[in-house]
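Worksheet: one structure, shown below.
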Amino acid sequence: MRLPMRNHDICVVGAGYVGLVTGACLAEIGHRVVCVDSDPKKLKTLKKGIVPIHEPGLTEIFKRTVKNGRLSFAGSVLEGLRFKGRRAEVVFIAVGTPPRHDGSADLSAVEAVAETVAKNIDSYTVVVDKSTVPVETGDWVSKTIQRFNKSGTPYDVVSNPEFLSEGTAVRDFLKPDRVVLGVSSKRAETLMREVYAPLKAVVLVTDLKSAELIKHASNSFLAAKISYINAVANLCEKVGADVQLVARGMGLDRRIGPMFLNAGLGFGGFCFPKDLEAFYWISKQKGYDFQLLKSVQDINEHQKGWIARKIEEKLWNLEGKTVALLGLAFKPDTDDMRFAPSIDVARQLRSRGVKLRVFDPVAMPRAKKLPDFKGAHFAQDEYDAVKGADALAVVTEWPCFKDLDLKRAKRLMRTPVILDARNVFDPARARSLGFEYAGVGRP
């Protein structure tokens with residue numbers, strides 16, 4: 001039975017990548033949403049109508065929902081719970097859960113939000129874990145609310161993991177493969193189904209722990225798929241096979257599929273590395289050594305050294321060479337530099353005395369703040385980046401790099417060497433133009 005469309009008052013705590021996309025998209029489908037962020041600088045930016053992150057489609061939705069009054073911003077959880085006389089029925093926790101040194105997730109921000117919510121609710125409220133959290137977090141959130149909920153106000157805790165990929169996050173939210181709801185009561189399930197009813201998506205209802213595990217299990221599986229094809233690429237290089245043809249042959253098998261079979265520098269971003277490490281930590285804590293996850297990590301770390309290894313193969317010594325890095329963000333269509341492979345590449349090359357010239361269509365303002373790029377020349381465009389370079393290295397597969405005028409690039413370079421770490425160029429054409437070409441897993 002299809003539930004009737006009902007608009008709800010919703011508070012989203014945290015206005016980062018997940019929180020801001022979630023809040024804006026919930027407002028887009030008809031709900032009244034208040035996004036809360038404690039960073040005064042970010043809050044000021046949001047209230048000025050400026051989106052602080054690069055995400056295709058987000059700015060349009062942001063401006064539209066702010067204008068029609070369905071999306072607002074607040075600087076505290078208390079203000080978000082009771083914004084302009086309205087009471088939030090649903091509170092999404094979308095705060096950061098950064099990794100600790102041992103691989104576990106720092107959940108102190110989640111706990112702080114749960115405590116504040118507990119002290120300030122006065123009628124039934126659903127508290128939703130939207131942040132990526134380890135299994136059993138929902139139990140701890142519930143215990144925290146129970147501990148500080150002195151009035152005995154009824155509540156439920158729900159696990160609603162996000163499956164948003166940066167660069168396609170808006171589309172992923174509005175047209176999801178599935179909506180996962182980990183619930184402990186029918187009342188919470190009904191309310192959450194109403195929240196997501198406008199999406200007309202497949203809804204999977206589970207217990208709390210299963211929902212929490214689905215997120216980590218999904219991201220870890222995708223990370224494993226990437227590491228697997230990179231391991232295959234390493235073998236392809238040794239025997240002279242073409243990993244792109246191998247991947248295509250694998251992907252045509254419906255049981256495998258073509259997604260996440262692109263060999264390259266490995267995975268980056270904030271989700272895959274963090275979630276993989278956290279999932280491994282969780283398994284060890286529970287007495288199971290999930291060795292496959294450790295192997296996925298090891299392969300990924302090894303892959304980050306591909307560019308440095310290829311420079312030595314093509315140019316002998318690294319010291320004193322100039323290398324142009326095209327692409328800095330961890331993937332196209334985002335400005336996110338968190339755990340980006342470019343950081344590891346820059347660190348490795350700088351430690352060997354390499355001079356860097358770098359370019360990215362949108363991520364350079366964030367990259368300039370990172371110590372790993374200290375002393376690098378931040379170029380105006382791709383051609384400024386390759387000027388005088390001993391090698392051109394494609395680090396992020398931005399579409400504009402695929403259309404690079406290789407003849408022009410060759411004239412600008414000191415040595416015509418291409419290190420195609422994302423396999424964006426045709427090897428035969430590059431070589432016909434006089435380049436020494438190396439691709440990942442390609443002859």
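Quick note on naming: the chains in the structure tokens go A, B, ... in the order shown, residues restart at 1 in each chain, and ligands are numbered from 1 in order of appearance.
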
- [ ] Show which residues sit within 10 Å of segment 427-436 of chain A, as a PyMOL selection string. Count only C-alpha atoms, and ignore same-chain residues fewer than 3 positions away.
- [x] chain A and resi 314+391+406-407+410+415-420+423-424+439+442-443

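Note that DSSP on the backbone gives strand (DSSP E or B) to these residues of segment 117-317 of chain A: Thr125, Val126, Val127, Val128, Asp129, Tyr155, Asp156, Val157, Val158, Ser159, Val179, Val180, Leu181, Gly182, Val203, Leu204, Val205 and Thr206 of chain A.
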
Show which residues sit within 9 Å of Val127 of chain A, as a compact mmCIF listing (two decimals) with C-alpha atoms, in the first residue's frame. Count only C-alpha atoms, and ignore same-chain residues fewer than 2 positions away.
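File produced: part.txt:
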```
# COMPACT_ATOMS: atom_id res chain seq x y z
CA GLU A 89 9.74 15.50 13.89
CA VAL A 90 12.84 13.88 12.39
CA VAL A 91 16.49 14.66 13.22
CA PHE A 92 19.13 13.43 10.80
CA ILE A 93 22.62 13.15 12.31
CA ALA A 114 22.27 12.67 20.62
CA VAL A 117 18.49 16.14 21.19
CA THR A 125 10.98 12.31 17.63
CA ASP A 129 21.90 8.05 11.94
CA VAL A 141 22.70 6.65 20.38
CA SER A 142 19.57 5.17 21.92
CA TYR A 155 11.68 8.59 20.58
CA ASP A 156 13.06 6.07 18.13
CA VAL A 157 16.51 5.67 16.60
CA VAL A 158 16.79 4.75 12.92
CA SER A 159 19.79 3.79 10.82
```

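When atom CA of Val36 of chain A is paired with atom CA of Gly138 of chain A, their separation reads 20.7 Å.
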
TODO: Using only C-alpha atoms, determine which residues lie at most 7 Å from Asn160 of chain A, disregarding the query and same-chain residues fewer than 3 positions distant; provide the list as JSON, numbers by chain.
DONE: {"A": [128, 129, 130, 180, 181, 182]}

Can you list, as a JSON list (two decimals) with N, CA and C atoms, in the first residue's frame, every protein, DNA or RNA residue that comes within 12 Å of segment 287-292 of chain A when you count only C-alpha atoms, leaving out same-chain residues fewer than 2 positions away?
```
[["chain", "number", "residue", "atom", "x", "y", "z"],
["A", 217, "ALA", "N", 29.62, -2.78, 4.41],
["A", 217, "ALA", "CA", 29.80, -3.93, 3.53],
["A", 217, "ALA", "C", 29.75, -3.51, 2.06],
["A", 220, "SER", "N", 33.02, -1.44, 1.19],
["A", 220, "SER", "CA", 34.19, -2.31, 1.21],
["A", 220, "SER", "C", 34.21, -3.25, 0.01],
["A", 221, "PHE", "N", 33.02, -3.69, -0.41],
["A", 221, "PHE", "CA", 32.95, -4.55, -1.60],
["A", 221, "PHE", "C", 33.38, -3.79, -2.85],
["A", 223, "ALA", "N", 35.34, -1.18, -2.94],
["A", 223, "ALA", "CA", 36.78, -0.96, -2.82],
["A", 223, "ALA", "C", 37.54, -2.22, -3.23],
["A", 224, "ALA", "N", 37.02, -3.38, -2.84],
["A", 224, "ALA", "CA", 37.66, -4.65, -3.20],
["A", 224, "ALA", "C", 37.64, -4.86, -4.71],
["A", 225, "LYS", "N", 36.57, -4.45, -5.35],
["A", 225, "LYS", "CA", 36.47, -4.58, -6.81],
["A", 225, "LYS", "C", 37.54, -3.72, -7.50],
["A", 227, "SER", "N", 40.46, -2.69, -6.14],
["A", 227, "SER", "CA", 41.78, -3.27, -5.88],
["A", 227, "SER", "C", 41.99, -4.53, -6.71],
["A", 228, "TYR", "N", 40.93, -5.29, -6.92],
["A", 228, "TYR", "CA", 41.06, -6.52, -7.73],
["A", 228, "TYR", "C", 41.49, -6.18, -9.16],
["A", 276, "LEU", "N", 36.49, 1.21, 4.74],
["A", 276, "LEU", "CA", 37.22, -0.06, 4.66],
["A", 276, "LEU", "C", 38.01, -0.30, 5.94],
["A", 277, "GLU", "N", 38.70, 0.74, 6.40],
["A", 277, "GLU", "CA", 39.50, 0.61, 7.62],
["A", 277, "GLU", "C", 38.61, 0.37, 8.84],
["A", 278, "ALA", "N", 37.49, 1.09, 8.89],
["A", 278, "ALA", "CA", 36.58, 0.92, 10.02],
["A", 278, "ALA", "C", 35.96, -0.47, 10.03],
["A", 279, "PHE", "N", 35.61, -0.99, 8.85],
["A", 279, "PHE", "CA", 35.01, -2.32, 8.76],
["A", 279, "PHE", "C", 36.02, -3.39, 9.22],
["A", 280, "TYR", "N", 37.28, -3.19, 8.84],
["A", 280, "TYR", "CA", 38.33, -4.12, 9.27],
["A", 280, "TYR", "C", 38.51, -4.05, 10.78],
["A", 281, "TRP", "N", 38.49, -2.84, 11.32],
["A", 281, "TRP", "CA", 38.64, -2.66, 12.77],
["A", 281, "TRP", "C", 37.47, -3.31, 13.51],
["A", 282, "ILE", "N", 36.26, -3.11, 12.99],
["A", 282, "ILE", "CA", 35.08, -3.70, 13.63],
["A", 282, "ILE", "C", 35.19, -5.22, 13.66],
["A", 283, "SER", "N", 35.59, -5.81, 12.54],
["A", 283, "SER", "CA", 35.68, -7.28, 12.47],
["A", 283, "SER", "C", 36.69, -7.81, 13.48],
["A", 284, "LYS", "N", 37.82, -7.11, 13.61],
["A", 284, "LYS", "CA", 38.83, -7.54, 14.59],
["A", 284, "LYS", "C", 38.31, -7.42, 16.01],
["A", 285, "GLN", "N", 37.58, -6.33, 16.28],
["A", 285, "GLN", "CA", 37.02, -6.13, 17.62],
["A", 285, "GLN", "C", 36.04, -7.24, 17.99],
["A", 294, "LYS", "N", 42.21, -6.33, 4.51],
["A", 294, "LYS", "CA", 43.59, -5.88, 4.65],
["A", 294, "LYS", "C", 44.31, -5.97, 3.30],
["A", 295, "SER", "N", 44.05, -7.02, 2.55],
["A", 295, "SER", "CA", 44.66, -7.16, 1.23],
["A", 295, "SER", "C", 44.19, -6.05, 0.29],
["A", 296, "VAL", "N", 42.91, -5.68, 0.38],
["A", 296, "VAL", "CA", 42.38, -4.59, -0.43],
["A", 296, "VAL", "C", 43.13, -3.30, -0.12],
["A", 297, "GLN", "N", 43.36, -3.05, 1.16],
["A", 297, "GLN", "CA", 44.11, -1.87, 1.58],
["A", 297, "GLN", "C", 45.53, -1.90, 1.04],
["A", 298, "ASP", "N", 46.19, -3.03, 1.17],
["A", 298, "ASP", "CA", 47.59, -3.15, 0.75],
["A", 298, "ASP", "C", 47.75, -2.92, -0.76],
["A", 299, "ILE", "N", 46.84, -3.49, -1.55],
["A", 299, "ILE", "CA", 46.90, -3.30, -3.01],
["A", 299, "ILE", "C", 46.70, -1.83, -3.35]]
```
